[in-house]
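Here is the file target36.cif (mmCIF, C-alpha atoms and all ligand atoms).
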data_entry
#
loop_
_atom_site.label_atom_id
_atom_site.label_comp_id
_atom_site.auth_asym_id
_atom_site.auth_seq_id
_atom_site.Cartn_x
_atom_site.Cartn_y
_atom_site.Cartn_z
CA MET A 23 0.00 0.00 0.00
CA ALA A 24 1.14 3.53 -0.75
CA ASN A 25 0.85 6.45 1.68
CA THR A 26 -2.89 6.97 1.72
CA ILE A 27 -5.15 9.70 3.04
CA LEU A 28 -8.65 8.55 3.85
CA VAL A 29 -11.27 11.28 4.15
CA GLY A 30 -15.00 11.53 4.62
CA ALA A 31 -16.56 13.06 1.51
CA GLN A 32 -19.88 14.03 3.11
CA TRP A 33 -20.77 15.34 6.61
CA GLY A 34 -18.90 12.75 8.66
CA ASP A 35 -20.05 9.31 9.85
CA GLU A 36 -19.43 7.82 6.41
CA GLY A 37 -18.30 4.55 7.95
CA LYS A 38 -14.62 5.50 7.84
CA GLY A 39 -13.82 3.43 10.95
CA LYS A 40 -14.55 0.18 9.21
CA ILE A 41 -12.77 1.14 5.97
CA ILE A 42 -9.72 2.31 7.90
CA ASP A 43 -9.74 -1.01 9.71
CA VAL A 44 -9.89 -2.86 6.37
CA LEU A 45 -7.10 -0.73 4.80
CA THR A 46 -4.98 -0.98 7.94
CA GLU A 47 -4.17 -4.56 7.06
CA GLU A 48 -1.74 -3.21 4.43
CA ALA A 49 -0.50 -0.21 6.45
CA ASP A 50 2.41 -0.10 8.88
CA VAL A 51 1.50 3.19 10.52
CA VAL A 52 -1.94 4.71 11.09
CA VAL A 53 -2.12 8.39 12.01
CA ARG A 54 -4.95 10.64 13.19
CA THR A 55 -4.29 14.21 12.10
CA GLN A 56 -7.21 16.42 13.16
CA GLY A 57 -10.30 16.68 15.33
CA GLY A 58 -10.60 15.41 18.85
CA ASN A 59 -12.92 13.21 20.84
CA ASN A 60 -15.84 14.71 18.91
CA ALA A 61 -15.09 11.87 16.47
CA GLY A 62 -16.31 8.35 16.98
CA HIS A 63 -15.17 5.46 14.83
CA THR A 64 -17.03 2.20 15.23
CA VAL A 65 -15.31 -1.05 14.32
CA PHE A 66 -16.72 -4.57 14.67
CA ILE A 67 -14.34 -7.49 14.97
CA GLY A 68 -16.50 -10.59 15.10
CA SER A 69 -19.30 -9.61 17.45
CA GLN A 70 -17.09 -7.29 19.51
CA LYS A 71 -17.86 -3.62 18.99
CA TYR A 72 -15.08 -1.05 19.50
CA ILE A 73 -15.77 2.68 19.54
CA LEU A 74 -12.65 4.81 19.15
CA HIS A 75 -12.57 8.55 19.69
CA LEU A 76 -8.92 9.61 19.68
CA VAL A 77 -6.91 6.44 19.21
CA PRO A 78 -6.44 5.39 15.55
CA SER A 79 -8.38 2.22 14.78
CA GLY A 80 -5.10 0.60 13.67
CA ILE A 81 -4.67 -0.20 17.37
CA LEU A 82 -7.07 -3.12 16.90
CA ARG A 83 -4.53 -4.96 14.76
CA PRO A 84 -1.28 -6.26 16.21
CA ASN A 85 2.04 -4.57 15.38
CA LYS A 86 0.61 -1.45 13.76
CA THR A 87 2.17 1.81 14.87
CA CYS A 88 -0.59 4.27 15.79
CA VAL A 89 0.03 7.98 15.99
CA ILE A 90 -2.10 10.82 17.33
CA GLY A 91 -0.63 13.68 15.30
CA ASN A 92 0.04 17.34 16.06
CA GLY A 93 -3.21 18.47 14.41
CA VAL A 94 -5.42 16.63 16.90
CA VAL A 95 -6.79 18.31 20.06
CA ILE A 96 -6.60 15.95 23.01
CA ASP A 97 -8.65 15.77 26.17
CA PRO A 98 -6.09 13.79 28.22
CA ILE A 99 -8.66 12.48 30.70
CA SER A 100 -10.84 11.18 27.92
CA LEU A 101 -7.77 9.65 26.22
CA VAL A 102 -6.81 7.80 29.42
CA GLU A 103 -10.39 6.49 29.71
CA GLU A 104 -10.27 5.33 26.09
CA LEU A 105 -6.95 3.56 26.66
CA ASP A 106 -8.28 1.86 29.82
CA GLY A 107 -11.36 0.70 27.89
CA LEU A 108 -9.19 -0.78 25.14
CA ILE A 109 -6.88 -2.48 27.64
CA ARG A 110 -9.95 -4.01 29.38
CA LEU A 111 -10.93 -5.49 25.99
CA GLY A 112 -7.45 -7.02 25.66
CA VAL A 113 -6.03 -4.52 23.12
CA ALA A 114 -2.24 -3.97 23.35
CA ILE A 115 -1.24 -0.29 23.57
CA ASP A 116 2.33 -0.09 24.85
CA GLY A 117 4.94 0.33 22.16
CA GLN A 118 2.19 0.74 19.57
CA LEU A 119 0.69 4.14 20.41
CA PHE A 120 2.51 7.49 20.12
CA VAL A 121 1.09 10.94 20.87
CA SER A 122 2.44 14.15 19.39
CA GLU A 123 4.15 16.48 21.83
CA THR A 124 2.77 19.46 19.93
CA ALA A 125 -0.89 18.39 19.98
CA HIS A 126 -3.02 20.90 21.88
CA LEU A 127 -5.05 20.00 24.95
CA VAL A 128 -8.76 20.34 25.60
CA PHE A 129 -9.69 21.61 29.09
CA PRO A 130 -12.98 21.78 31.02
CA TYR A 131 -13.16 25.52 30.28
CA HIS A 132 -13.24 24.67 26.57
CA ARG A 133 -16.17 22.34 27.10
CA MET A 134 -18.00 24.91 29.23
CA LEU A 135 -17.42 27.64 26.65
CA ASP A 136 -18.61 25.32 23.88
CA GLU A 137 -21.82 24.74 25.82
CA GLN A 138 -22.36 28.40 26.74
CA ARG A 139 -21.78 29.61 23.18
CA GLU A 140 -24.34 27.15 21.90
CA VAL A 141 -26.87 28.46 24.44
CA LEU A 142 -26.10 32.05 23.39
CA LYS A 143 -26.60 31.16 19.72
CA GLY A 144 -30.13 29.93 20.51
CA LYS A 145 -31.90 28.77 17.37
CA ASN A 146 -28.74 29.44 15.35
CA LYS A 147 -26.75 26.90 17.34
CA ILE A 148 -24.29 24.65 15.49
CA GLY A 149 -25.30 21.48 17.33
CA THR A 150 -21.73 20.74 18.45
CA THR A 151 -20.75 17.60 20.32
CA LYS A 152 -20.01 19.88 23.33
CA ARG A 153 -16.56 18.34 23.65
CA GLY A 154 -14.85 21.77 23.68
CA ILE A 155 -13.33 21.29 20.24
CA GLY A 156 -14.04 24.77 18.84
CA PRO A 157 -12.73 26.69 21.88
CA ALA A 158 -9.62 24.44 22.04
CA TYR A 159 -8.75 25.14 18.38
CA GLY A 160 -9.62 28.79 19.10
CA ASP A 161 -6.95 28.92 21.82
CA LYS A 162 -4.49 27.20 19.49
CA ALA A 163 -5.05 29.88 16.82
CA ALA A 164 -4.94 32.65 19.44
CA ARG A 165 -1.61 31.21 20.66
CA THR A 166 -2.96 30.72 24.17
CA GLY A 167 -3.20 26.93 23.98
CA ILE A 168 -1.44 24.39 26.18
CA ARG A 169 0.23 21.45 24.46
CA MET A 170 1.22 17.89 25.29
CA VAL A 171 4.84 18.99 25.66
CA ASP A 172 3.67 21.36 28.43
CA LEU A 173 1.71 18.61 30.15
CA ALA A 174 4.88 16.52 30.22
CA ASN A 175 6.63 19.32 32.14
CA PRO A 176 4.81 19.54 35.53
CA LYS A 177 6.17 22.93 36.61
CA ARG A 178 5.48 24.70 33.34
CA PHE A 179 2.08 23.02 33.06
CA ALA A 180 0.99 24.29 36.49
CA THR A 181 2.03 27.87 35.65
CA LEU A 182 0.29 27.87 32.26
CA LEU A 183 -2.87 26.21 33.57
CA GLU A 184 -3.19 28.68 36.44
CA GLN A 185 -2.98 31.61 34.00
CA ARG A 186 -5.45 30.07 31.60
CA ILE A 187 -7.98 29.18 34.30
CA GLU A 188 -7.83 32.70 35.72
CA GLU A 189 -8.48 34.17 32.27
CA HIS A 190 -11.24 31.72 31.35
CA ASN A 191 -12.95 32.04 34.73
CA GLY A 192 -13.51 35.72 33.94
CA VAL A 193 -15.26 34.75 30.71
CA LEU A 194 -17.23 31.92 32.32
CA ARG A 195 -18.47 34.19 35.13
CA ALA A 196 -19.57 36.80 32.59
CA LEU A 197 -21.55 34.08 30.78
CA GLY A 198 -23.21 33.02 34.04
CA ALA A 199 -21.31 29.71 34.31
CA PRO A 200 -19.55 28.60 37.51
CA PRO A 201 -15.79 29.25 37.67
CA LEU A 202 -13.33 26.35 37.70
CA SER A 203 -11.03 25.36 40.55
CA PHE A 204 -7.37 25.35 39.48
CA GLU A 205 -6.54 22.71 42.11
CA GLU A 206 -9.19 20.28 40.90
CA VAL A 207 -8.42 20.63 37.20
CA HIS A 208 -4.70 20.52 37.87
CA ALA A 209 -4.91 17.32 39.95
CA ALA A 210 -6.98 15.52 37.32
CA TYR A 211 -4.77 16.66 34.41
CA ARG A 212 -1.57 15.94 36.32
CA ALA A 213 -2.71 12.35 36.89
CA ALA A 214 -3.65 11.93 33.22
CA GLY A 215 -0.40 13.61 32.12
CA ASP A 216 1.71 11.24 34.22
CA ARG A 217 -0.14 8.30 32.72
CA LEU A 218 0.30 9.58 29.15
CA LYS A 219 3.94 10.68 29.47
CA PRO A 220 5.42 7.45 28.05
CA PHE A 221 3.41 7.93 24.86
CA ILE A 222 4.40 11.56 24.20
CA VAL A 223 7.05 11.91 21.47
CA ASN A 224 8.05 14.00 18.45
CA THR A 225 5.73 12.24 16.02
CA VAL A 226 6.98 14.25 13.01
CA PHE A 227 10.38 12.55 13.24
CA LEU A 228 8.83 9.23 14.14
CA LEU A 229 6.75 9.37 10.93
CA HIS A 230 9.68 10.49 8.76
CA ASP A 231 11.86 7.70 10.24
CA ALA A 232 9.11 5.21 9.45
CA MET A 233 8.91 6.52 5.85
CA ARG A 234 12.70 6.22 5.45
CA ARG A 235 12.38 2.57 6.44
CA GLY A 236 9.73 2.13 3.72
CA ALA A 237 6.67 2.05 5.96
CA ASN A 238 3.22 2.61 4.45
CA ILE A 239 1.25 5.30 6.21
CA LEU A 240 -2.51 5.53 6.42
CA PHE A 241 -3.92 8.92 7.41
CA GLU A 242 -7.18 8.37 9.21
CA GLY A 243 -9.55 11.28 8.60
CA ALA A 244 -12.20 12.22 11.12
CA GLN A 245 -15.49 14.01 10.41
CA GLY A 246 -16.12 14.86 6.74
CA THR A 247 -15.46 17.36 3.96
CA PHE A 248 -18.49 19.58 4.64
CA LEU A 249 -17.57 19.91 8.31
CA ASP A 250 -14.17 21.36 7.28
CA ILE A 251 -13.51 24.77 8.84
CA ASP A 252 -12.54 26.19 5.39
CA HIS A 253 -14.45 24.08 2.89
CA GLY A 254 -17.54 23.10 4.87
CA THR A 255 -20.94 24.70 5.30
CA TYR A 256 -19.56 27.42 7.61
CA PRO A 257 -20.50 28.19 10.36
CA PHE A 258 -22.11 24.73 10.67
CA VAL A 259 -18.74 23.00 10.70
CA THR A 260 -16.17 21.63 13.09
CA SER A 261 -12.98 23.58 13.85
CA SER A 262 -10.34 21.60 11.99
CA ASN A 263 -9.40 20.87 8.37
CA THR A 264 -11.14 17.60 7.72
CA THR A 265 -10.10 17.63 4.03
CA ALA A 266 -6.99 15.97 2.63
CA GLY A 267 -4.69 18.95 3.25
CA GLY A 268 -5.32 18.64 6.99
CA ALA A 269 -3.58 15.27 6.92
CA CYS A 270 -0.30 16.97 5.93
CA THR A 271 -0.43 19.92 8.34
CA GLY A 272 -1.73 17.66 11.10
CA SER A 273 1.15 15.21 10.80
CA GLY A 274 4.19 16.96 9.32
CA ILE A 275 4.19 14.72 6.24
CA PRO A 276 4.52 16.88 3.11
CA PRO A 277 1.98 16.65 0.25
CA ASN A 278 4.55 15.19 -2.17
CA ARG A 279 4.88 12.09 0.04
CA VAL A 280 1.17 11.29 -0.27
CA ASP A 281 0.41 8.72 -2.97
CA ARG A 282 -3.36 8.51 -3.00
CA VAL A 283 -6.49 9.98 -1.50
CA VAL A 284 -9.49 7.76 -0.83
CA GLY A 285 -12.90 9.28 -0.16
CA VAL A 286 -15.53 7.46 1.85
CA VAL A 287 -19.23 8.09 1.27
CA LYS A 288 -22.41 6.43 2.42
CA ALA A 289 -24.77 5.20 -0.30
CA TYR A 290 -27.06 7.95 1.04
CA THR A 291 -26.34 11.08 3.11
CA THR A 292 -26.42 11.77 6.85
CA ARG A 293 -25.59 14.70 9.04
CA VAL A 294 -25.61 15.31 12.81
CA GLY A 295 -26.06 18.76 14.23
CA GLU A 296 -27.54 21.80 12.55
CA GLY A 297 -26.93 23.28 9.09
CA PRO A 298 -28.32 22.71 5.62
CA LEU A 299 -28.86 19.18 4.33
CA LEU A 300 -30.58 19.64 1.00
CA THR A 301 -31.49 16.03 0.30
CA GLU A 302 -32.92 15.42 3.80
CA ASN A 303 -35.90 13.09 3.62
CA ALA A 304 -38.18 11.94 6.44
CA GLU A 305 -39.08 8.66 4.77
CA ILE A 306 -35.49 7.46 4.43
CA ALA A 307 -34.72 8.71 7.97
CA ASP A 308 -37.64 6.71 9.41
CA LEU A 309 -36.58 3.66 7.44
CA LEU A 310 -32.95 3.79 8.62
CA HIS A 311 -33.77 4.68 12.24
CA GLY A 312 -36.36 1.89 12.25
CA MET A 313 -33.55 -0.51 11.28
CA GLY A 314 -31.63 0.74 14.36
CA ARG A 315 -29.15 2.55 12.09
CA GLU A 316 -27.86 6.11 12.06
CA PHE A 317 -27.44 6.96 15.71
CA GLY A 318 -24.23 8.89 16.54
CA ALA A 319 -21.27 6.91 17.97
CA THR A 320 -20.17 9.84 20.17
CA THR A 321 -23.42 11.39 21.34
CA GLY A 322 -26.08 8.78 20.46
CA ARG A 323 -28.03 11.51 18.62
CA PRO A 324 -30.19 10.28 15.72
CA ARG A 325 -28.54 11.40 12.51
CA ARG A 326 -30.46 13.37 9.91
CA CYS A 327 -30.78 11.29 6.73
CA GLY A 328 -31.29 12.00 3.05
CA TRP A 329 -30.62 10.90 -0.51
CA PHE A 330 -27.10 10.73 -1.96
CA ASP A 331 -25.94 14.20 -2.89
CA ALA A 332 -23.63 13.99 -5.90
CA VAL A 333 -23.23 17.78 -5.99
CA ALA A 334 -21.59 17.57 -2.58
CA THR A 335 -19.46 14.50 -3.36
CA ARG A 336 -18.26 16.03 -6.66
CA HIS A 337 -17.25 19.13 -4.72
CA ALA A 338 -15.51 16.86 -2.19
CA ALA A 339 -13.64 15.11 -5.02
CA LEU A 340 -12.26 18.50 -6.09
CA VAL A 341 -11.08 19.84 -2.74
CA ASN A 342 -9.63 16.53 -1.60
CA GLY A 343 -8.25 15.33 -4.93
CA LEU A 344 -10.07 12.03 -4.56
CA ASP A 345 -8.43 9.21 -6.50
CA GLU A 346 -10.73 6.53 -5.22
CA LEU A 347 -14.19 6.19 -3.78
CA THR A 348 -15.43 3.78 -1.15
CA VAL A 349 -19.19 3.43 -0.72
CA THR A 350 -20.50 2.16 2.62
CA ASN A 351 -23.93 1.21 3.94
CA LEU A 352 -25.21 0.04 0.55
CA ASP A 353 -27.44 -2.42 2.43
CA GLY A 354 -29.29 0.53 4.01
CA LEU A 355 -31.02 1.05 0.64
CA ASP A 356 -31.92 -2.63 0.10
CA THR A 357 -35.70 -2.17 0.50
CA ILE A 358 -36.19 1.09 -1.40
CA GLU A 359 -38.16 0.97 -4.64
CA SER A 360 -36.82 4.06 -6.32
CA ILE A 361 -33.64 5.83 -5.20
CA LYS A 362 -32.99 9.53 -5.74
CA VAL A 363 -29.62 11.21 -6.26
CA ALA A 364 -29.13 14.99 -6.27
CA VAL A 365 -27.24 15.92 -9.45
CA ALA A 366 -27.52 19.74 -9.25
CA TYR A 367 -28.95 22.44 -6.98
CA ARG A 368 -31.32 25.11 -8.20
CA VAL A 369 -32.48 28.42 -6.79
CA GLY A 370 -34.66 30.53 -9.09
CA ASP A 371 -32.96 30.51 -12.50
CA THR A 372 -29.53 29.70 -11.10
CA GLN A 373 -28.25 26.15 -11.20
CA TYR A 374 -25.22 25.03 -9.15
CA ASP A 375 -23.00 22.04 -9.78
CA HIS A 376 -20.97 22.72 -6.62
CA VAL A 377 -21.97 23.56 -3.05
CA PRO A 378 -22.44 27.36 -2.77
CA SER A 379 -20.21 28.94 -0.10
CA ASP A 380 -22.96 31.05 1.43
CA VAL A 381 -25.13 28.85 3.67
CA GLU A 382 -28.05 31.23 3.20
CA VAL A 383 -27.92 30.64 -0.56
CA LEU A 384 -27.38 26.93 0.01
CA SER A 385 -30.42 26.77 2.29
CA GLN A 386 -32.59 28.30 -0.43
CA CYS A 387 -31.49 25.74 -3.05
CA GLU A 388 -33.63 22.82 -4.15
CA PRO A 389 -31.95 19.61 -5.28
CA VAL A 390 -32.44 18.47 -8.86
CA TYR A 391 -32.87 14.71 -8.66
CA ARG A 392 -32.17 11.79 -10.94
CA GLU A 393 -33.98 8.55 -10.02
CA PHE A 394 -32.55 5.05 -10.04
CA PRO A 395 -34.46 1.77 -9.69
CA GLY A 396 -33.91 0.03 -6.35
CA TRP A 397 -32.83 -3.64 -6.19
CA ARG A 398 -35.16 -4.70 -3.38
CA ALA A 399 -32.98 -7.61 -2.30
CA PRO A 400 -30.62 -8.08 0.65
CA THR A 401 -26.99 -7.30 -0.14
CA ASN A 402 -25.41 -7.94 3.25
CA GLN A 403 -24.35 -11.49 2.32
CA VAL A 404 -22.82 -10.42 -0.99
CA ARG A 405 -19.03 -10.78 -1.14
CA ASN A 406 -18.16 -9.88 -4.73
CA TRP A 407 -19.15 -7.36 -7.39
CA GLN A 408 -20.80 -9.85 -9.77
CA GLN A 409 -23.08 -11.15 -7.00
CA LEU A 410 -24.56 -7.69 -6.43
CA PRO A 411 -28.00 -7.16 -8.04
CA ALA A 412 -27.61 -5.39 -11.42
CA PRO A 413 -29.53 -2.25 -10.27
CA ALA A 414 -27.19 -1.95 -7.26
CA ARG A 415 -24.16 -2.11 -9.57
CA SER A 416 -25.69 0.53 -11.84
CA TYR A 417 -26.44 2.76 -8.88
CA LEU A 418 -22.88 2.44 -7.53
CA GLU A 419 -21.33 3.08 -10.94
CA ALA A 420 -23.52 6.15 -11.38
CA ILE A 421 -22.66 7.73 -8.02
CA ALA A 422 -18.94 7.10 -8.59
CA GLU A 423 -19.15 8.65 -12.05
CA LEU A 424 -21.14 11.64 -10.80
CA THR A 425 -18.57 12.11 -8.02
CA GLY A 426 -15.66 11.77 -10.40
CA ALA A 427 -13.62 9.14 -8.56
CA LYS A 428 -12.87 5.46 -9.17
CA LEU A 429 -15.03 3.07 -7.17
CA THR A 430 -12.76 0.61 -5.34
CA ILE A 431 -14.57 -0.70 -2.25
CA VAL A 432 -18.23 -1.28 -1.39
CA SER A 433 -19.30 -2.09 2.14
CA VAL A 434 -22.51 -4.04 2.79
CA GLY A 435 -22.38 -4.34 6.58
CA PRO A 436 -20.29 -3.48 9.61
CA SER A 437 -18.01 -6.54 9.75
CA ARG A 438 -14.66 -6.90 7.98
CA GLU A 439 -16.06 -9.71 5.83
CA GLN A 440 -18.90 -7.58 4.48
CA THR A 441 -16.55 -5.79 2.09
CA ILE A 442 -16.47 -5.99 -1.71
CA PHE A 443 -13.20 -5.05 -3.44
CA LEU A 444 -13.40 -4.05 -7.09
P1 LIG A 501 -17.89 20.02 17.12
O1 LIG A 501 -16.88 19.36 16.25
O2 LIG A 501 -18.21 19.26 18.37
O3 LIG A 501 -17.55 21.45 17.37
O4 LIG A 501 -19.28 20.06 16.31
C1 LIG A 501 -19.43 20.83 15.13
C2 LIG A 501 -20.28 20.09 14.10
O5 LIG A 501 -19.56 18.94 13.64
C3 LIG A 501 -21.60 19.55 14.66
O6 LIG A 501 -22.55 19.59 13.63
C4 LIG A 501 -21.27 18.11 14.99
O7 LIG A 501 -22.42 17.29 14.99
C5 LIG A 501 -20.34 17.77 13.86
N1 LIG A 501 -19.41 16.67 14.16
C6 LIG A 501 -18.32 16.71 14.95
N2 LIG A 501 -17.72 15.50 14.98
C7 LIG A 501 -18.43 14.70 14.20
C8 LIG A 501 -18.29 13.33 13.79
O8 LIG A 501 -17.37 12.60 14.18
N3 LIG A 501 -19.23 12.86 12.94
C9 LIG A 501 -20.24 13.64 12.46
N4 LIG A 501 -20.41 14.92 12.80
C10 LIG A 501 -19.51 15.44 13.66
#
Let's see the structure in the file written out as structure tokens.
Amino acid sequence: MANTILVGAQWGDEGKGKIIDVLTEEADVVVRTQGGNNAGHTVFIGSQKYILHLVPSGILRPNKTCVIGNGVVIDPISLVEELDGLIRLGVAIDGQLFVSETAHLVFPYHRMLDEQREVLKGKNKIGTTKRGIGPAYGDKAARTGIRMVDLANPKRFATLLEQRIEEHNGVLRALGAPPLSFEEVHAAYRAAGDRLKPFIVNTVFLLHDAMRRGANILFEGAQGTFLDIDHGTYPFVTSSNTTAGGACTGSGIPPNRVDRVVGVVKAYTTRVGEGPLLTENAEIADLLHGMGREFGATTGRPRRCGWFDAVATRHAALVNGLDELTVTNLDGLDTIESIKVAVAYRVGDTQYDHVPSDVEVLSQCEPVYREFPGWRAPTNQVRNWQQLPAPARSYLEAIAELTGAKLTIVSVGPSREQTIFL
């Protein structure tokens, strides 16, 4: 396998966890490069379900080096809990996991600010995961963040934390939220920091060393293209670069060392949180929720559901440079008689073949649909392309062509075996 960036080409939750797990077989190193514990990757191995938030899913395979890169924001307490959960399930961590010393930390004041800002926004709220992600990246950009390398240095950490808590308490009080106790936060973070210290390294050099030795690197994207802080449906986005470029800045691997970019999409569209979702459809949402599908891995929130939006995925193919396309959750459409795909957006006399930057304009658009016959047969037992019903093959070929990327993998269920390679 070549150095591969895997990104979500919709609004997150495309089923990347499973595809990363499948591709990890051929990778030596798996690296997370952005986001924080707002992400949730679900992987099934046999009947065992693993939900990962910060740790790359490569950890579930033996002898894979897993890196949490500099672009990630880390809540150390949540990371320790995640590690303990994995250890309880028998997953080996030591010697396999490495955490960037320049990754920024998420603190309770970030979570409280996230919550308070959502309250202040009222009906215009973003619908964040309330994990403090936006305020943590805000501090990073404002150059008032605290990093892993600071946590590893107890004296410096205490000084920085005291300053930051004093400053944030002023803001929290003004917003009507209770102030934080330095002693309490410090004690909890000190304990987590001591636990994490053995994992904290310069991951840029670790990754470059691995490349020199010929290792294959898989960049594990979190969230999706339209949640990207620059390319998403701003302000209804997350606070990191979820598109392919984020993999380079979030790891220290330059673009000319990346060999391919793989986009993951669902056979339909989902979104959690607020913001426009043009192809949203109550019927398909009821169908999928009724099957027990489409509830968030991090927050348990029911996801909003709609038809496949080829305008969005074509736009995603452009900004990510998608070489390949992986389609997941095909089996979610197994019972539908006629399947719609958005091929353009229209508002008045204007037609768009990309996602307009202004969310107000986007919200006024109507999708222009093309209809495809459903296959009305179960696909979850199918293991190769030829076995798929002909209408399913036509549908997959059409969405790959409309997106403008080569279809390489189709997933028909959560387990590793339910994967069709083309
Ligand atoms: P935040 O990342 O918690 O600030 O949330 C901002 C937006 O991104 C909200 O709409 C969230 O629902 C969405 N979001 C964040 N992480 C994920 C994810 O892993 N999957 C899907 N949506 C996400």
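Here CA of Glu346 (chain A) and CA of Leu45 (chain A) stand 12.9 Å from one another.
The residue that comes closest to ligand LIG 501 (chain A), out of A:Phe129, A:Tyr159, A:Trp329, A:Phe394 and on the basis of all atoms listed in the file, is A:Tyr159.
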### Message
Which residues are near region 167-178 of chain A? Cut-off 6 Å, only C-alpha atoms, ignore same chain within fewer than 3 positions. Put them as a PyMOL selection string.
### Response
chain A and resi 123-127+161-162+181+215+219
Around region 281-290 of chain A, with edges along x, y and z and 6 Å added on all six sides, what centre and edge lengths do you get, in Å to one decimal, as AutoDock Vina command-line options?
--center_x -13.3 --center_y 7.6 --center_z -0.3 --size_x 39.5 --size_y 16.8 --size_z 17.4
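Environment of ligand LIG 501 (chain A), defined as every protein or nucleic acid residue with an atom within 7 Å of it and counting all atoms listed in the file, comprises Trp33, Gly34, Asp35, Asn60, Ala61, Gly62, Ile148, Gly149, Thr150, Thr151, Lys152, Arg153, Gly154, Ile155, Gly156, Ala244, Gln245, Leu249, Phe258, Val259, Thr260, Ser261, Arg293, Val294, Gly295 and Glu296 of chain A.
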At a cut-off of 10 Å, can you tabulate as a Markdown table every residue of region 249-325 of chain A near region 384-387 of chain A together with its closest atom pair and the distance in Å to one decimal, using all atoms listed in the file and ordering rows by chain then number?
| residue | atom | partner | partner_atom | distance |
| --- | --- | --- | --- | --- |
| A:Thr255 | CA | A:Leu384 | CA | 8.6 |
| A:Gly297 | CA | A:Ser385 | CA | 8.4 |
| A:Pro298 | CA | A:Ser385 | CA | 5.7 |
| A:Leu299 | CA | A:Ser385 | CA | 8.0 |
| A:Leu300 | CA | A:Ser385 | CA | 7.2 |
#### Entry: 10 Å contact set for Arg438 (chain A), only C-alpha atoms, chain neighbours under 2 positions out, as a count of residues only
15
### Message
Which residues are close to Ile42 (chain A), i.e. within 8 Å by only C-alpha atoms, leaving aside same-chain residues fewer than 5 positions away? Reply as a PyMOL selection string.
### Response
chain A and resi 28+79-80+242
### Task
Name all residues at most 7 Å from region 267-283 of chain A (count all atoms listed in the file; drop same-chain ones fewer than 6 positions away) and give them as a PyMOL selection string.
chain A and resi 24-28+55-56+91-94+226+241+343-346
Once you have the residues from the selection above, write them out as a PDB file, in the coordinates of the input, restricted to C-alpha atoms.
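Writing the result to again-v5.pdb gives the following:
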ATOM      1  CA  ALA A  24       1.140   3.530  -0.750  1.00  0.00           C
ATOM      2  CA  ASN A  25       0.850   6.450   1.680  1.00  0.00           C
ATOM      3  CA  THR A  26      -2.890   6.970   1.720  1.00  0.00           C
ATOM      4  CA  ILE A  27      -5.150   9.700   3.040  1.00  0.00           C
ATOM      5  CA  LEU A  28      -8.650   8.550   3.850  1.00  0.00           C
ATOM      6  CA  THR A  55      -4.290  14.210  12.100  1.00  0.00           C
ATOM      7  CA  GLN A  56      -7.210  16.420  13.160  1.00  0.00           C
ATOM      8  CA  GLY A  91      -0.630  13.680  15.300  1.00  0.00           C
ATOM      9  CA  ASN A  92       0.040  17.340  16.060  1.00  0.00           C
ATOM     10  CA  GLY A  93      -3.210  18.470  14.410  1.00  0.00           C
ATOM     11  CA  VAL A  94      -5.420  16.630  16.900  1.00  0.00           C
ATOM     12  CA  VAL A 226       6.980  14.250  13.010  1.00  0.00           C
ATOM     13  CA  PHE A 241      -3.920   8.920   7.410  1.00  0.00           C
ATOM     14  CA  GLY A 343      -8.250  15.330  -4.930  1.00  0.00           C
ATOM     15  CA  LEU A 344     -10.070  12.030  -4.560  1.00  0.00           C
ATOM     16  CA  ASP A 345      -8.430   9.210  -6.500  1.00  0.00           C
ATOM     17  CA  GLU A 346     -10.730   6.530  -5.220  1.00  0.00           C
TER      18      GLU A 346
END
### Task
Identify, on the basis of only C-alpha atoms, every residue whose closest approach to Gly426 (chain A) does not exceed 9 Å; exclude the query and any residue fewer than 3 positions from it along the same chain; express the result as a PyMOL selection string.
chain A and resi 335-336+339-340+344-347+421-423
### Query
Mind listing as a list in words all residues within 9 Å of (-1.5, 8.9, 18.2), counting all atoms listed in the file?
Val52, Val53, Arg54, Thr55, Leu76, Val77, Pro78, Thr87, Cys88, Val89, Ile90, Gly91, Asn92, Val94, Leu119, Phe120, Val121, Ser122, Phe221, Ile222 and Thr225 of chain A
Considering all atoms listed in the file, give me a table of residues in region 104-168 of chain A that are at most 12 Å from region 190-207 of chain A, with the closest atom pair and distance in Å for each, as CSV.
residue,atom,partner,partner_atom,distance
A:Val128,CA,A:Val207,CA,11.6
A:Phe129,CA,A:Val207,CA,8.3
A:Pro130,CA,A:Val207,CA,7.8
A:Tyr131,CA,A:His190,CA,6.6
A:His132,CA,A:His190,CA,8.7
A:Arg133,CA,A:Leu194,CA,11.0
A:Met134,CA,A:Leu194,CA,7.7
A:Leu135,CA,A:Leu194,CA,7.1
A:Asp136,CA,A:Leu194,CA,10.8
A:Glu137,CA,A:Ala199,CA,9.9
A:Gln138,CA,A:Leu197,CA,7.0
A:Arg139,CA,A:Leu197,CA,8.8
A:Glu140,CA,A:Leu197,CA,11.6
A:Val141,CA,A:Leu197,CA,10.0
A:Leu142,CA,A:Leu197,CA,8.9
A:Pro157,CA,A:His190,CA,10.8
A:Ala158,CA,A:His190,CA,11.9
A:Asp161,CA,A:His190,CA,10.8
A:Thr166,CA,A:His190,CA,11.0
A:Gly167,CA,A:His190,CA,11.9
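Note that the spacing between CA of Gly57 (chain A) and CA of Asp353 (chain A) amounts to 28.7 Å.
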#### Entry: For CA of Asp331 (chain A) and CA of Ala364 (chain A), the interatomic separation in Å (one decimal)
4.7 Å
### Query
Smallest atom-to-atom distance to Leu352 (chain A): which of A:Arg217, A:Ala366, A:Glu36, A:Glu393, using all atoms listed in the file?
A:Glu36
